[in-house]
Each structure stands twice: as structure tokens, then as C-alpha cells.
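Q: Have a peek at work-v5.csv (CSV, C-alpha atoms).
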chain,number,residue,atom,x,y,z
K,1,MET,CA,9.1,0.9,7.9
K,2,ALA,CA,10.8,4.3,7.9
K,3,LEU,CA,12.4,5.3,4.6
K,4,THR,CA,14.3,8.4,3.6
K,5,GLU,CA,13.2,10.9,1.0
K,6,THR,CA,15.2,13.8,-0.4
K,7,HIS,CA,13.1,17.0,-0.3
K,8,LYS,CA,14.8,20.3,-1.0
K,9,GLY,CA,18.2,18.8,-0.2
K,10,TYR,CA,17.3,17.4,3.2
K,11,HIS,CA,17.0,13.8,4.2
K,12,GLU,CA,13.8,13.2,6.2
K,13,LYS,CA,12.4,10.1,7.7
K,14,MET,CA,9.3,8.9,5.9
K,15,THR,CA,6.8,7.5,8.2
K,16,ALA,CA,4.4,4.7,7.3
K,17,ALA,CA,0.9,5.9,6.3
K,18,PRO,CA,-1.9,4.8,8.6
K,19,GLY,CA,-2.9,1.3,7.7
K,20,GLU,CA,0.4,0.1,6.3
K,21,ASP,CA,1.0,-1.9,9.4
K,22,LEU,CA,-2.3,-3.7,8.8
K,23,SER,CA,-2.1,-4.1,5.1
K,24,PRO,CA,1.0,-5.4,3.1
K,25,ALA,CA,-0.9,-4.4,-0.1
K,26,LEU,CA,-1.1,-0.8,1.1
K,27,ALA,CA,2.6,-0.9,2.2
K,28,LEU,CA,3.6,-2.1,-1.3
K,29,VAL,CA,1.5,0.6,-3.0
K,30,ASN,CA,3.1,3.3,-0.8
K,31,THR,CA,6.7,2.3,-1.9
K,32,ARG,CA,6.1,4.6,-4.8
K,33,HIS,CA,6.7,8.2,-3.8
K,34,ARG,CA,6.4,11.6,-5.5
K,35,ASP,CA,10.2,11.8,-5.6
K,36,GLY,CA,11.4,8.2,-5.7
K,37,ASP,CA,10.8,4.5,-5.4
K,38,ASP,CA,11.4,2.4,-2.3
K,39,LEU,CA,10.5,-0.9,-4.0
K,40,PRO,CA,14.1,-2.2,-3.9
K,41,SER,CA,14.4,-1.8,-0.1
K,42,TRP,CA,10.9,-3.2,0.3
K,43,LEU,CA,11.9,-6.3,-1.7
K,44,ALA,CA,15.0,-6.7,0.6
K,45,ASP,CA,12.9,-6.4,3.7
K,46,GLN,CA,10.7,-9.3,2.3
K,47,THR,CA,14.0,-11.2,1.6
K,48,LEU,CA,13.1,-11.3,-2.1
K,49,ALA,CA,15.6,-11.1,-4.9
K,50,ASP,CA,16.1,-8.0,-6.9
K,51,SER,CA,15.2,-10.1,-10.0
K,52,GLU,CA,11.6,-10.0,-8.7
K,53,HIS,CA,11.5,-6.2,-9.1
K,54,ASP,CA,9.5,-6.2,-12.3
K,55,ARG,CA,6.9,-8.7,-10.9
K,56,PHE,CA,6.3,-6.6,-7.8
K,57,GLN,CA,6.4,-3.2,-9.6
K,58,ARG,CA,3.6,-4.5,-11.9
K,59,LEU,CA,1.7,-5.8,-8.9
K,60,ARG,CA,2.1,-2.5,-7.2
K,61,GLU,CA,0.6,-0.7,-10.2
K,62,VAL,CA,-2.3,-3.1,-10.4
K,63,VAL,CA,-3.2,-2.8,-6.7
K,64,ARG,CA,-2.7,1.0,-6.9
K,65,GLU,CA,-5.2,1.2,-9.8
K,66,LEU,CA,-7.7,-0.9,-7.8
K,67,PHE,CA,-7.3,1.2,-4.7
K,68,LEU,CA,-7.6,4.5,-6.7
K,69,ALA,CA,-10.7,3.3,-8.5
K,70,ARG,CA,-12.2,2.6,-5.0
K,71,THR,CA,-11.3,6.0,-3.6
K,72,GLU,CA,-12.5,7.8,-6.8
K,73,SER,CA,-15.8,5.8,-7.0
K,74,ARG,CA,-15.0,4.6,-10.5
K,75,GLN,CA,-14.6,1.3,-12.4
K,76,PRO,CA,-11.0,0.0,-12.4
K,77,ALA,CA,-9.2,-0.9,-15.7
K,78,PRO,CA,-10.4,-4.4,-16.7
K,79,SER,CA,-6.8,-5.5,-17.0
K,80,ALA,CA,-6.2,-4.8,-13.3
K,81,LEU,CA,-8.9,-7.2,-12.2
K,82,SER,CA,-7.6,-10.0,-14.5
K,83,GLU,CA,-4.0,-9.4,-13.5
K,84,LEU,CA,-4.9,-9.6,-9.8
K,85,ASP,CA,-6.7,-12.9,-10.5
K,86,ASP,CA,-3.7,-14.3,-12.4
K,87,VAL,CA,-1.4,-13.5,-9.4
K,88,LEU,CA,-3.8,-15.4,-7.1
K,89,ARG,CA,-4.0,-18.4,-9.5
K,90,VAL,CA,-0.2,-18.9,-9.6
K,91,ALA,CA,0.1,-19.7,-5.9
K,92,PRO,CA,-3.1,-21.3,-4.7
K,93,GLY,CA,-3.7,-21.8,-1.0
K,94,THR,CA,-6.3,-22.7,1.6
K,95,PRO,CA,-7.3,-21.4,5.0
K,96,ALA,CA,-6.5,-23.8,7.9
K,97,LEU,CA,-7.2,-23.7,11.6
K,98,THR,CA,-4.1,-23.9,13.9
K,99,TRP,CA,-4.9,-25.0,17.4
K,100,ALA,CA,-2.6,-23.0,19.6
K,101,GLU,CA,-3.2,-20.4,22.2
K,102,PRO,CA,-5.3,-18.8,21.0
K,103,PRO,CA,-6.6,-20.9,18.1
K,104,HIS,CA,-6.1,-18.9,14.9
K,105,ARG,CA,-6.6,-19.0,11.1
K,106,GLU,CA,-3.5,-19.4,8.9
K,107,TRP,CA,-3.0,-19.8,5.2
K,108,ARG,CA,-1.5,-23.0,3.8
K,109,TRP,CA,0.1,-22.6,0.4
K,110,LEU,CA,-0.5,-25.4,-2.1
K,111,GLY,CA,2.2,-24.4,-4.5
K,112,GLY,CA,4.3,-21.5,-6.0
K,113,THR,CA,7.7,-20.1,-5.3
K,114,LYS,CA,8.3,-17.7,-2.3
K,115,ALA,CA,7.9,-14.7,-4.6
K,116,GLU,CA,4.7,-16.1,-6.1
K,117,ARG,CA,3.3,-16.8,-2.6
K,118,THR,CA,4.2,-13.3,-1.4
K,119,ALA,CA,2.6,-11.8,-4.5
K,120,ALA,CA,-0.6,-13.9,-3.9
K,121,ALA,CA,-0.7,-12.9,-0.3
K,122,ILE,CA,-0.5,-9.2,-1.3
K,123,ALA,CA,-3.2,-9.7,-3.9
K,124,ALA,CA,-5.5,-11.4,-1.3
K,125,ASP,CA,-4.8,-8.6,1.1
K,126,ALA,CA,-5.8,-6.1,-1.6
K,127,ILE,CA,-9.1,-7.9,-1.9
K,128,ASP,CA,-9.6,-7.7,1.8
K,129,VAL,CA,-8.8,-4.0,1.9
K,130,LEU,CA,-11.2,-3.3,-1.0
K,131,THR,CA,-14.1,-5.4,0.4
K,132,ALA,CA,-13.8,-5.1,4.2
K,133,ARG,CA,-12.1,-1.8,4.7
K,134,GLY,CA,-12.8,0.0,1.4
K,135,GLU,CA,-14.7,2.8,3.0
K,136,ALA,CA,-11.6,3.7,5.1
K,137,LEU,CA,-9.3,3.7,2.1
K,138,ALA,CA,-8.3,7.3,1.1
K,139,GLN,CA,-5.8,9.3,-0.9
K,140,CYS,CA,-3.7,11.8,1.0
K,141,PRO,CA,-5.1,15.2,-0.1
K,142,ALA,CA,-1.9,17.1,0.4
K,143,PRO,CA,-0.7,18.6,-2.9
K,144,GLY,CA,1.9,16.5,-4.6
K,145,CYS,CA,1.5,13.5,-2.2
K,146,VAL,CA,0.8,10.2,-3.9
K,147,LYS,CA,0.3,8.0,-0.8
K,148,LEU,CA,-2.9,6.1,0.2
K,149,LEU,CA,-4.0,5.5,3.7
K,150,LEU,CA,-6.6,3.7,5.8
K,151,ARG,CA,-8.5,6.3,7.8
K,152,THR,CA,-8.3,5.1,11.4
K,153,HIS,CA,-10.8,7.7,12.5
K,154,ARG,CA,-13.0,10.3,10.9
K,155,ARG,CA,-10.6,13.2,11.5
K,156,ARG,CA,-7.7,11.5,9.8
K,157,HIS,CA,-7.0,13.2,6.5
K,158,TRP,CA,-3.3,13.0,5.7
K,159,CYS,CA,-0.9,10.2,5.4
K,160,SER,CA,1.5,11.8,7.9
K,161,THR,CA,1.9,14.8,10.2
K,162,ARG,CA,4.4,16.1,7.6
K,163,CYS,CA,1.7,16.3,4.9
K,164,GLY,CA,-0.8,17.8,7.4
K,165,ASP,CA,1.7,20.4,8.6
K,166,ARG,CA,2.6,21.3,5.0
K,167,VAL,CA,-1.1,21.9,4.2
K,168,ARG,CA,-1.7,23.9,7.4
K,169,ALA,CA,1.4,26.0,6.9
K,170,ASP,CA,0.4,26.8,3.3
K,171,ARG,CA,-3.1,27.8,4.4
K,172,HIS,CA,-1.7,30.0,7.1
K,173,TYR,CA,0.8,31.6,4.6
K,174,HIS,CA,-2.0,32.4,2.2
K,175,ARG,CA,-4.2,33.9,5.0
K,176,GLN,CA,-1.4,36.2,6.2
K,177,ARG,CA,-0.5,37.5,2.7
K,178,PRO,CA,-1.8,41.0,1.9
Hey, can you dump this file as C-alpha cells for me?

A:
Amino acid sequence: MALTETHKGYHEKMTAAPGEDLSPALALVNTRHRDGDDLPSWLADQTLADSEHDRFQRLREVVRELFLARTESRQPAPSALSELDDVLRVAPGTPALTWAEPPHREWRWLGGTKAERTAAAIAADAIDVLTARGEALAQCPAPGCVKLLLRTHRRRHWCSTRCGDRVRADRHYHRQRP
């Protein structure tokens, strides 16, 4: 999803950080930017009502805390773990096998509203990221950037070429200064 951000008076296209296409939890966390908040447009993309803003804003902060704890090799706030569990309990589900070409696993919801099921799916995805891909989870090291990414290869450091270019340009500037 490409979103716009105002930076020094210019509107630039924001590109998705590596891994956002694989993880709805990462995509939700990255709706918070240094200079703004794209949660309202994210909710619209998910066809969720604006009234769900507070629920998903809180979920975003919980998942962000868990992701940051993982990248910083520290224990997360205990409330983050219990809140994530609460989100999962509200909309229980079960895996099921769908026999189609090819056969695949799908999730069958046993209850909850659309918003509760969406929140539970994001919470479950956050658990998958933390347990199966946690080593690939990283913070963008560009100064001022608040995005997280899944490192798709060992040379991937930044969430976007924009952040990488900004760091390299700054490094070049400081080398050239007398």
C-alpha cells in the first residue's frame, strides 16, 4: 500500500517496508510514521468502520511493543502479552483443511464480529512473526525512521530506498566537509 507523507513540504509516495506484504501485523505497526498516522486509511482498506480506530490503535501499540522487544532483545511489557491474548480470546477460530487445487490450510472463525476477527488474525500473525520469523524482524536504522521490517536478505538494512539514500547522502556529506 503506497501512502503519502509530507516531508519538507513535498508529498512523496511511501513504499511498504519489506515484509508488509507477508505480515498484516507488520503492515498495521507501520501505519504509524514519524510525521503522521495512516491508521484511518488502513482501516478503510480493511473495510472497517472509523469507530474501530481506538481498538486498532491499541492493537498497533501492543504489537509494536512486542516487535520492538524482540528486536531489542528485551522482555516486553507484561500488559502487551495479556492484551494480545485477550484479542485472540474474543474471536476464537480453528484451522481447517480446504481440498482445492492445491489443498490448503484456512482459518475458520467460531465467533466474533468482523473487527474482532480482523484483530485476532493480526494478533495471530504477530505471534507467527515473533516465533517463526523473529530473527528477520528489524528496526530501520535510519535516523528518525520508526518503521520495522522483515529482512529478506542479510544486506537489507533499511525499510526503503529512501531511508538508505538519506543515510548514504548524509554519510557522504560528512565525509566531504572540511

Q: Rounded to one decimal in Å, what is the spacing between atom CA of Lys114 of chain K and atom CA of Ala96 of chain K?

A: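 We find that atom CA of Lys114 of chain K and atom CA of Ala96 of chain K lie 19.0 Å from each other.
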
Q: Distance atom CA of Pro141 of chain K-atom CA of Ala44 of chain K, one decimal place?

A: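 Separation between atom CA of Pro141 of chain K and atom CA of Ala44 of chain K: 29.7 Å.
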
Q: What does the distance from atom CA of Gly134 of chain K to atom CA of Asp85 of chain K come to in Å, to one decimal?

A: 18.6 Å

Q: Near Cys159 of chain K, counting only C-alpha atoms, which residues have an atom at most 6 Å away, once you skip same-chain residues fewer than 6 positions from it, shown as a ChimeraX atom specification?

A: /K:17,140,149

Q: How would the residues just chosen look if you wrote them out with C-alpha atoms as a PDB file, in the frame of the given file?

A:
ATOM      1  CA  ALA K  17       0.900   5.900   6.300  1.00  0.00           C
ATOM      2  CA  CYS K 140      -3.700  11.800   1.000  1.00  0.00           C
ATOM      3  CA  LEU K 149      -4.000   5.500   3.700  1.00  0.00           C
TER       4      LEU K 149
END

Q: Would you mind telling me which residue in K:Val63, K:Asp50, K:Ala91, K:Arg55 lies nearest to Ile127 of chain K when using all atoms listed in the file?

A: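 Smallest separation from Ile127 of chain K among the options: K:Val63.
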
Q: Select, from K:Arg89, K:Arg171, K:Arg60, K:Lys147, the residue with the minimum atom-to-atom distance to Arg117 of chain K, counting all atoms listed in the file.

A: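 Smallest separation from Arg117 of chain K among the options: K:Arg89.
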
Q: So which one's closest to Leu148 of chain K, K:Leu39, K:Ala100, K:Val29, K:Leu22? Using only C-alpha atoms, please.

A: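 When distances to Leu148 of chain K are compared using only C-alpha atoms, the smallest one comes from K:Val29.
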
Q: Using all atoms listed in the file, pick whichever of K:Ala16, K:Ala27, K:Leu110, K:Ala115 has the shortest atom-to-atom distance to Val129 of chain K.

A: K:Ala27

Q: For Glu20 of chain K, which residue out of K:Thr152, K:Gln176, K:Thr161, K:Thr118 is the nearest one, using all atoms listed in the file?

A: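 Answer, going by the shortest atom-to-atom distance: K:Thr152.
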
Q: With only C-alpha atoms as the atoms that count, which of K:Pro95, K:Ala123, K:Leu26, K:Gln46 lies nearest to Ala80 of chain K?

A: K:Ala123

Q: Anything within 12 Å of (4.0, 14.6, 6.3): list those residues as a PyMOL selection string, counting all atoms listed in the file and sticking to the file's coordinates.

A: chain K and resi 5+7+12-18+140-147+157-169

Q: Could you take the residues named above and write them with C-alpha atoms, as an mmCIF file, keeping the file's coordinate frame?

A:
data_model
loop_
_atom_site.group_PDB
_atom_site.id
_atom_site.type_symbol
_atom_site.label_atom_id
_atom_site.label_comp_id
_atom_site.auth_asym_id
_atom_site.auth_seq_id
_atom_site.Cartn_x
_atom_site.Cartn_y
_atom_site.Cartn_z
ATOM 1 C CA GLU K 5 13.200 10.900 1.000
ATOM 2 C CA HIS K 7 13.100 17.000 -0.300
ATOM 3 C CA GLU K 12 13.800 13.200 6.200
ATOM 4 C CA LYS K 13 12.400 10.100 7.700
ATOM 5 C CA MET K 14 9.300 8.900 5.900
ATOM 6 C CA THR K 15 6.800 7.500 8.200
ATOM 7 C CA ALA K 16 4.400 4.700 7.300
ATOM 8 C CA ALA K 17 0.900 5.900 6.300
ATOM 9 C CA PRO K 18 -1.900 4.800 8.600
ATOM 10 C CA CYS K 140 -3.700 11.800 1.000
ATOM 11 C CA PRO K 141 -5.100 15.200 -0.100
ATOM 12 C CA ALA K 142 -1.900 17.100 0.400
ATOM 13 C CA PRO K 143 -0.700 18.600 -2.900
ATOM 14 C CA GLY K 144 1.900 16.500 -4.600
ATOM 15 C CA CYS K 145 1.500 13.500 -2.200
ATOM 16 C CA VAL K 146 0.800 10.200 -3.900
ATOM 17 C CA LYS K 147 0.300 8.000 -0.800
ATOM 18 C CA HIS K 157 -7.000 13.200 6.500
ATOM 19 C CA TRP K 158 -3.300 13.000 5.700
ATOM 20 C CA CYS K 159 -0.900 10.200 5.400
ATOM 21 C CA SER K 160 1.500 11.800 7.900
ATOM 22 C CA THR K 161 1.900 14.800 10.200
ATOM 23 C CA ARG K 162 4.400 16.100 7.600
ATOM 24 C CA CYS K 163 1.700 16.300 4.900
ATOM 25 C CA GLY K 164 -0.800 17.800 7.400
ATOM 26 C CA ASP K 165 1.700 20.400 8.600
ATOM 27 C CA ARG K 166 2.600 21.300 5.000
ATOM 28 C CA VAL K 167 -1.100 21.900 4.200
ATOM 29 C CA ARG K 168 -1.700 23.900 7.400
ATOM 30 C CA ALA K 169 1.400 26.000 6.900
#

Q: Name all residues at most 9 Å from Phe56 of chain K (count all atoms listed in the file; drop same-chain ones fewer than 3 positions away) and give them as a ChimeraX atom specification.

A: /K:28,39,43,52-53,59-61,115,119

Q: As a CSV table (one decimal), keeping the file's coordinate frame, please: segment 28-54 of chain K completed to N, CA and C atoms.

A:
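Result went into rebuild-v2.csv, see below:
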chain,number,residue,atom,x,y,z
K,28,LEU,N,3.0,-2.0,0.0
K,28,LEU,CA,3.6,-2.1,-1.3
K,28,LEU,C,3.2,-0.9,-2.2
K,29,VAL,N,1.9,-0.5,-2.2
K,29,VAL,CA,1.5,0.6,-3.0
K,29,VAL,C,2.3,1.9,-2.6
K,30,ASN,N,2.5,2.1,-1.3
K,30,ASN,CA,3.1,3.3,-0.8
K,30,ASN,C,4.7,3.3,-1.0
K,31,THR,N,5.2,2.2,-1.6
K,31,THR,CA,6.7,2.3,-1.9
K,31,THR,C,7.0,3.2,-3.0
K,32,ARG,N,5.9,3.6,-3.8
K,32,ARG,CA,6.1,4.6,-4.8
K,32,ARG,C,5.8,6.0,-4.2
K,33,HIS,N,6.8,6.9,-4.4
K,33,HIS,CA,6.7,8.2,-3.8
K,33,HIS,C,6.7,9.3,-4.9
K,34,ARG,N,6.4,10.5,-4.6
K,34,ARG,CA,6.4,11.6,-5.5
K,34,ARG,C,7.9,11.7,-6.1
K,35,ASP,N,8.9,11.6,-5.2
K,35,ASP,CA,10.2,11.8,-5.6
K,35,ASP,C,11.1,10.6,-5.6
K,36,GLY,N,10.5,9.4,-5.7
K,36,GLY,CA,11.4,8.2,-5.7
K,36,GLY,C,10.6,6.9,-5.6
K,37,ASP,N,11.4,5.9,-5.4
K,37,ASP,CA,10.8,4.5,-5.4
K,37,ASP,C,11.6,3.7,-4.4
K,38,ASP,N,10.8,3.2,-3.4
K,38,ASP,CA,11.4,2.4,-2.3
K,38,ASP,C,11.2,0.9,-2.5
K,39,LEU,N,10.8,0.5,-3.7
K,39,LEU,CA,10.5,-0.9,-4.0
K,39,LEU,C,11.8,-1.8,-3.7
K,40,PRO,N,13.0,-1.4,-4.2
K,40,PRO,CA,14.1,-2.2,-3.9
K,40,PRO,C,14.4,-2.5,-2.4
K,41,SER,N,14.2,-1.5,-1.6
K,41,SER,CA,14.4,-1.8,-0.1
K,41,SER,C,13.2,-2.6,0.4
K,42,TRP,N,12.0,-2.4,-0.1
K,42,TRP,CA,10.9,-3.2,0.3
K,42,TRP,C,11.1,-4.7,0.0
K,43,LEU,N,11.6,-5.0,-1.3
K,43,LEU,CA,11.9,-6.3,-1.7
K,43,LEU,C,13.0,-6.9,-0.7
K,44,ALA,N,14.0,-6.2,-0.4
K,44,ALA,CA,15.0,-6.7,0.6
K,44,ALA,C,14.4,-7.0,1.9
K,45,ASP,N,13.5,-6.1,2.4
K,45,ASP,CA,12.9,-6.4,3.7
K,45,ASP,C,12.0,-7.7,3.7
K,46,GLN,N,11.5,-8.0,2.5
K,46,GLN,CA,10.7,-9.3,2.3
K,46,GLN,C,11.7,-10.5,2.0
K,47,THR,N,13.0,-10.2,2.0
K,47,THR,CA,14.0,-11.2,1.6
K,47,THR,C,13.7,-11.8,0.2
K,48,LEU,N,13.3,-10.9,-0.7
K,48,LEU,CA,13.1,-11.3,-2.1
K,48,LEU,C,14.2,-10.8,-3.0
K,49,ALA,N,14.5,-11.5,-4.0
K,49,ALA,CA,15.6,-11.1,-4.9
K,49,ALA,C,15.3,-9.9,-5.7
K,50,ASP,N,16.3,-9.1,-6.1
K,50,ASP,CA,16.1,-8.0,-6.9
K,50,ASP,C,15.5,-8.4,-8.3
K,51,SER,N,15.8,-9.6,-8.7
K,51,SER,CA,15.2,-10.1,-10.0
K,51,SER,C,13.7,-10.1,-10.0
K,52,GLU,N,13.1,-10.0,-8.8
K,52,GLU,CA,11.6,-10.0,-8.7
K,52,GLU,C,11.0,-8.6,-8.8
K,53,HIS,N,11.9,-7.6,-9.1
K,53,HIS,CA,11.5,-6.2,-9.1
K,53,HIS,C,10.4,-5.9,-10.1
K,54,ASP,N,10.5,-6.5,-11.3
K,54,ASP,CA,9.5,-6.2,-12.3
K,54,ASP,C,8.1,-6.8,-11.9
